[in-house]
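This report refers to the structure that appears directly beneath it.
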Amino acid sequence: MITVLAVHFSVAVLAPFLFRAWGRNAFYALAAVPGASFIWLLLQHGPVYTGAGSVSETVPWIPGLQLELAFRMDALAWVMSLLVLGVGSLVLVYCARYFKKKDQDLGAFGAQLLAFAGAMFGLVVADDLLLLFIFWELTTILSYLLIGFARTRLAARRSALQALMVTTAGGLAMLVGLIMLGHTAGTYRISSILEQAPALAGGASGSMVSAAVVLILVGAITKSALVPFHFWLPGAMAAPTPVSAYLHAAAMVKAGIYLVARLAPGFSETAYWQPVVLGLGLATMLVGGYRALRQTDIKLILAYGTVSQLGFLTMVVGLGTPDAALAGLAMLLAHGLFKATLFLVVGIIDHQSGTRDVRKLSGVFRSSRALGVVAAIGAASMAGVPPLAGFVAKESVLESFVHHAGADEAGPWGMVVLAGLVLGSILTFAYSARFMWGAFAVKPGVEPTPFKAIRPSFLAAPAILSLLTIVYGLWPAPVDAWIQPYAALFASNAPDAGTAAEQAGYLALWHGFTPALGLTALTFALGLAMYFGRDAVARVQSLVPPWVDGDKAYQYTIGGLDDAAVWITGRTQRGSLYYYLAVILSVAFVLPLSVILVAGKPLPDGIYLVDPGSPLQLVVGAGIVIGALAAVKANKRFLAVLMVSVTGYGIALMFALQGAPDLALTQMLVETIILVAFVLAMRSLPPELRDRTGGKYRVVRVIIGLGFGVTMVFAAIYAMGARIATPVSLEFPRLAYEGGGGLNIVNVTLVDIRAWDTFGEITVLALAATGVASLIFVRGRGDKILNSATVAEGTVGRHRGVDPGSRDAAALAVSRKFAASARDAWIVAGRTLAPERRSIIFEVVTRLIFHSMIMFSLYLLLAGHNLPGGGFAGGLTAGLALTIRYLAGGRFELREATPVSAGALLGIGLAVAATSGAVPLLLGGQVFQSAIIELWLPVFGDIKFVTSTIFDIGVYIVVVGLVLDVLRSLGAEIDEHFEERSAVGGRTPGEEQEFAGEDSATTSAPEQEPEGVASETTAKGQA
């Protein structure tokens, strides 16, 4: 089973390449995959139907969460797989002649259709609730893509989105039900849950189980398009006809029927099962049949007929009796055969004539008698005409509901359901006849429809299905043998277990003169009357207003949600930072405060304000408080950010005083990088903080701020005192040394004990860097910077005119003198800067410390396993070294320091980290498992290398890439924007204040730049 799934998905990935090489004939290659799987399935008949009655395959996935790849093939899964694989193979063969050679995107279509077949097979053999849900949602996504194949058609996109919305909503409800059921049962194994179903439904958790089952049924109802969610299925006819034939005859909508059939043996006796299954099933059967008689598109006749048949199938498989179970699976197979046949016939008619309108089609039977015969077999089977599969299955269905109506527990509702079933069967006969009349009859006053000759290869798939329909009807014994083991599940609890086969009955073409045969005769008579009186029926239908229209109800619901979203958004997304923060912080302290007050727990013992062994904490704490108050009172943005950083550095010092050098080092480096990022970003903003919230709002802000701070303090105190188990961290020292081979518990935890967490964190870092870059760059990451050798000397960041009499002029003269006397720049791109932008002190210091910082970052990286440091701290140190280079020489200096793309660094870092986790798995270990390698090397002596260091190297590279992304987006790119603004006479917000008092008459125009050379305003001048 796992191999079948793997082959389906693997070939689906290769499908676009096959179509590129072979064109539409590649459909034959794709058809071979479900075709070969179908042959494999036939070979599994013996193992499935002998011995234990099932075949299982299990691969552990995440044992701690009870997640495993569990598959099980029993009688129900085997029968469903016959449809999924057999019909899927024939539909793919049909596609090879349905599509034209010039049609676009056939590779994607073929891949999606083959993947859908694999997903549907996975759904029916899954023996785990969560695994079943994964395949369930895969079919939802793939059906969305297939229905919306014609992307340029509005109807196709709308129908695809509608199907996605409805089935996804039902899937979410179903997921809740699956989790509830699995949690109550203590396992997610479907086979185990069904074994203990009677105890679950009748025990103390019975109400929980009933609620879970109803939620699961919601998923089945939406998937199988039952009332009130039936409207999406006719809309899905916008898909190409092969999609309609497969999704609506053998897959997709059958997923809901399968789920009902799978749960029925264990939960058909729960409180709400019968009302939901029988009530909605009957309503759907009648609504679908009624609407089918109103359609003028032969494809829509089949679509609404499918809706009707799905309601019919839901009633039968959900009735919960042995004979209904037998009849339900028999009808499931028959429906798959005749409905796939008819959809494929519609595709041929549309393909060869160019229309599906019953008012335009005339004389098609005369043009292609073979096609008419194939269609007649399918339509007759749908109507239940002997000796076809539909008749055999429908006789069993009627027989089971006759028994149900006579049972005492059914009450008067049993007769109501039976009468509704007969009425639905009459409608089925009528719309089956309407389909044949509309598609093939000669209509008076209508010109004969031009019809192209049909190739035998095009007709082969529906012809094979119609032949199987005849064989099934004449020889139902094999189908009966396939289904009996499933029907026996409903009789296993009978007082006399030997009567299981008698309770289930058997499939046969002739059962004698029975009440069911009489109901069939009544169905034929009234169905023929409705067909011959179709004009009168149409007039009556035209007089009946559409009291309820599911599609309009959906549109009104979506429109109402849109209006509500606009209303809520307009009142919440107000563009006010104060409002957003007020809401967030208020909720963040009101809810925890309410919990603390309601719980009434006492404060833990041993609380102290200052550690008696470290009175310096009091001084540091006072500094943090002063920094926070100064940040609030600051009237300049830079000063406010600087004061916020003071609080951060104070916290780093607090960590150091508490004996946590790793945390202190990391906090200090992070605070420095954040300070640089803030300063770079704030260059685009006015220097002063204006428009402060005042008056009554200032009081509100104080209350919220104090409330949030105090609540968080006490929440932390209560949380520390709420522990009732031994902290897991107490084992970390031993695990770090024995398992991780390191003395630095913090770093070993990050790269070994909790490597999955760290991998997720560096992934988030990469995403954050990409987000920052996307806010600045339209495309790319700002890596296309000219080499500094191509930039004219002294042209980057040239100062605009300065009053010759001002003090700035004297400083400018000194700068130019320095630049002229220092032709050999201390830094590589220093010569590109305008003289007034250069600083000899900054350049010399940069030259002296850059390489030392890089070496120190590598030391932190390599020593972090046993000493303070690690990949994160080392990466931040290297990032700070790059920051100094950028501040000293601008973006050209940054380019010289790191010619590598920031995106490449992020990708390489993630790849290194991922590889370090995957390699142990390939060598027979676990993901992210570390190995300790001890060896002796000349000069170095004894070496102890832990492979988790490779993971740490990935962290190091990701952090460097993050810092580089920030510098190139918030630094270099904004610099370039400033230059462009300066070149056209604009000013940056900082320059507006700098030149506010400058006389425009004395301001000289910017000097002419060499052609093709950009000027540069460096962060050094701003910072």
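By convention here, the chains of the structure tokens are called A, B, ... in the order presented, each chain's residues are numbered starting at 1, and ligands are numbered starting at 1 in the order presented.
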Secondary structure check, alpha helix (DSSP H) residues of stretch 465-675 of chain A, as a PyMOL selection string | chain A and resi 465-474+477-491+500-504+515-532+534-543+550-572+577-599+616-633+637-657+661-675
Residues at most 7 Å from stretch 212-215 of chain A, counting only C-alpha atoms, excluding those fewer than 3 positions away in the same chain, as a PDB file with C-alpha atoms, in the first residue's frame?
```
ATOM      1  CA  ALA A 173     -15.530  20.435  11.843  1.00  0.00           C
ATOM      2  CA  MET A 174     -14.587  16.865  11.039  1.00  0.00           C
ATOM      3  CA  GLY A 177     -14.670  15.363  15.783  1.00  0.00           C
ATOM      4  CA  LEU A 178     -11.765  13.080  14.904  1.00  0.00           C
ATOM      5  CA  MET A 180     -12.530  14.166  20.186  1.00  0.00           C
ATOM      6  CA  LEU A 181     -13.130  10.573  19.145  1.00  0.00           C
ATOM      7  CA  MET A 208     -18.861  13.081  23.891  1.00  0.00           C
ATOM      8  CA  VAL A 209     -18.757  10.267  21.342  1.00  0.00           C
ATOM      9  CA  VAL A 218     -20.582  17.197   8.967  1.00  0.00           C
ATOM     10  CA  GLY A 219     -17.351  16.561   7.082  1.00  0.00           C
ATOM     11  CA  TYR A 272     -28.027  11.505  16.264  1.00  0.00           C
TER      12      TYR A 272
END
```
Of the candidates A:Arg683, A:Arg369, A:His248, A:His335, which shows the shortest atom-to-atom distance to A:Thr469, using only C-alpha atoms?
->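 Closest to A:Thr469, using only C-alpha atoms: A:His335.
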d(atom CA of A:Val87, atom CA of A:Leu342) in Å |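 These two atoms are separated by 12.7 Å.
For A:Val13, the set of protein, DNA and RNA residues having any atom at most 9 Å away, when counting only C-alpha atoms and skipping those fewer than 5 positions along the same chain, is His8, Ala111 and Ala115 of chain A.
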Expected file contents, prior selection, C-alpha atoms, as a CSV table (one decimal), in the first residue's frame:
```
chain,number,residue,atom,x,y,z
A,8,HIS,CA,1.4,7.6,-7.6
A,111,ALA,CA,-0.1,15.4,-12.3
A,115,ALA,CA,-2.0,12.6,-7.4
```
Residue nearest A:Leu114 among A:Thr139, A:Gln541, A:Ser576, A:Ser400 (counting only C-alpha atoms) |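 Using only C-alpha atoms, the shortest distance to A:Leu114 belongs to A:Thr139.
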Skipping near chain neighbours, those fewer than 6 positions away, what residues fall within 10 Å of A:Phe458 using only C-alpha atoms, listed as a list in words?
->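 Within the cut-off, the hits are Val93, Tyr94, Cys95, Ala96, Arg97, Tyr98, Leu344, Val345 and Ile348 of chain A.
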Using C-alpha atoms, can you write the selected residues to a file as a CSV table (one decimal), in the first residue's frame?
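Written file, again.csv:
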```csv
chain,number,residue,atom,x,y,z
A,93,VAL,CA,-6.8,6.7,-20.8
A,94,TYR,CA,-9.9,8.7,-21.9
A,95,CYS,CA,-8.0,12.0,-21.3
A,96,ALA,CA,-5.4,11.1,-24.0
A,97,ARG,CA,-8.1,11.7,-26.6
A,98,TYR,CA,-10.4,14.1,-24.9
A,344,LEU,CA,-17.5,10.2,-20.2
A,345,VAL,CA,-20.3,10.0,-22.8
A,348,ILE,CA,-17.6,12.8,-26.1
```
What is the distance between atom CA of A:Leu427 and atom CA of A:Leu528, in Å to one decimal?
->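 That distance, rounded to one decimal, is 10.0 Å.
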Would you list the contacts of stretch 428-437 of chain A as a PyMOL selection string, taking every protein, DNA or RNA residue within 8 Å and counting only C-alpha atoms, but skipping same-chain residues closer than 6 positions in sequence?
-> chain A and resi 289+292-293+298+301-302+305+308+375-376+379-380+382-384+523-524+527-528+530-531
Could you tell me which of A:Gly311, A:Gly760, A:Pro448, A:Gly505 comes closest to A:Glu395 if we count only C-alpha atoms?
->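 Of all the options, A:Gly505 lies closest to A:Glu395.
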Between atom CA of A:Leu423 and atom CA of A:Ala521, what is the spacing in Å?
-> 12.6 Å
Pick out the residues sitting within 9 Å of A:Trp136, and hand them over as a ChimeraX atom specification; count only C-alpha atoms, and ignore anything fewer than 5 positions along from it in its own chain.
-> /A:119-120,122-123,131,171,252,255
Based on the selection just made, write N, CA and C atoms of those residues as a PDB file, in the first residue's frame.
```
ATOM      1  N   ALA A 119      -4.169  10.115  -3.543  1.00  0.00           N
ATOM      2  CA  ALA A 119      -4.720  10.626  -2.283  1.00  0.00           C
ATOM      3  C   ALA A 119      -5.998   9.887  -1.910  1.00  0.00           C
ATOM      4  N   MET A 120      -6.834   9.603  -2.913  1.00  0.00           N
ATOM      5  CA  MET A 120      -8.083   8.894  -2.630  1.00  0.00           C
ATOM      6  C   MET A 120      -7.805   7.454  -2.187  1.00  0.00           C
ATOM      7  N   GLY A 122      -5.084   6.515  -0.631  1.00  0.00           N
ATOM      8  CA  GLY A 122      -4.586   6.645   0.732  1.00  0.00           C
ATOM      9  C   GLY A 122      -5.699   6.862   1.733  1.00  0.00           C
ATOM     10  N   LEU A 123      -6.740   7.587   1.329  1.00  0.00           N
ATOM     11  CA  LEU A 123      -7.853   7.863   2.235  1.00  0.00           C
ATOM     12  C   LEU A 123      -8.589   6.571   2.607  1.00  0.00           C
ATOM     13  N   LEU A 131      -4.211  10.471   9.861  1.00  0.00           N
ATOM     14  CA  LEU A 131      -3.717  10.183   8.514  1.00  0.00           C
ATOM     15  C   LEU A 131      -4.861  10.256   7.505  1.00  0.00           C
ATOM     16  N   GLY A 171     -14.408  20.008   6.620  1.00  0.00           N
ATOM     17  CA  GLY A 171     -13.217  19.296   7.069  1.00  0.00           C
ATOM     18  C   GLY A 171     -12.722  19.759   8.422  1.00  0.00           C
ATOM     19  N   MET A 252     -13.598  11.676  -4.603  1.00  0.00           N
ATOM     20  CA  MET A 252     -14.034  12.954  -4.034  1.00  0.00           C
ATOM     21  C   MET A 252     -15.351  12.814  -3.285  1.00  0.00           C
ATOM     22  N   ALA A 255     -15.861  10.010  -1.013  1.00  0.00           N
ATOM     23  CA  ALA A 255     -15.116   9.991   0.243  1.00  0.00           C
ATOM     24  C   ALA A 255     -16.068  10.106   1.427  1.00  0.00           C
TER      25      ALA A 255
END
```
Residues of stretch 562-672 of chain A that approach stretch 956-972 of chain A to 12 Å or less, counting only C-alpha atoms: could you list each one with the shortest pair of atoms and its distance in Å to one decimal, rows by chain and increasing residue number, as CSV?
```
residue,atom,partner,partner_atom,distance
A:Leu669,CA,A:Val959,CA,11.7
A:Val670,CA,A:Val963,CA,10.6
A:Thr672,CA,A:Val963,CA,11.5
```
Rank nothing, just name the residue among A:Gly473, A:Gly256, A:Pro938, A:Ser210 nearest to A:Ala197, using only C-alpha atoms.
->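 So, comparing all the options, the nearest one is A:Ser210.
Distances to A:Gly424 were evaluated for A:Ala21, A:Val287, A:Leu113, A:Ile179 using only C-alpha atoms, and the minimum falls at A:Val287.
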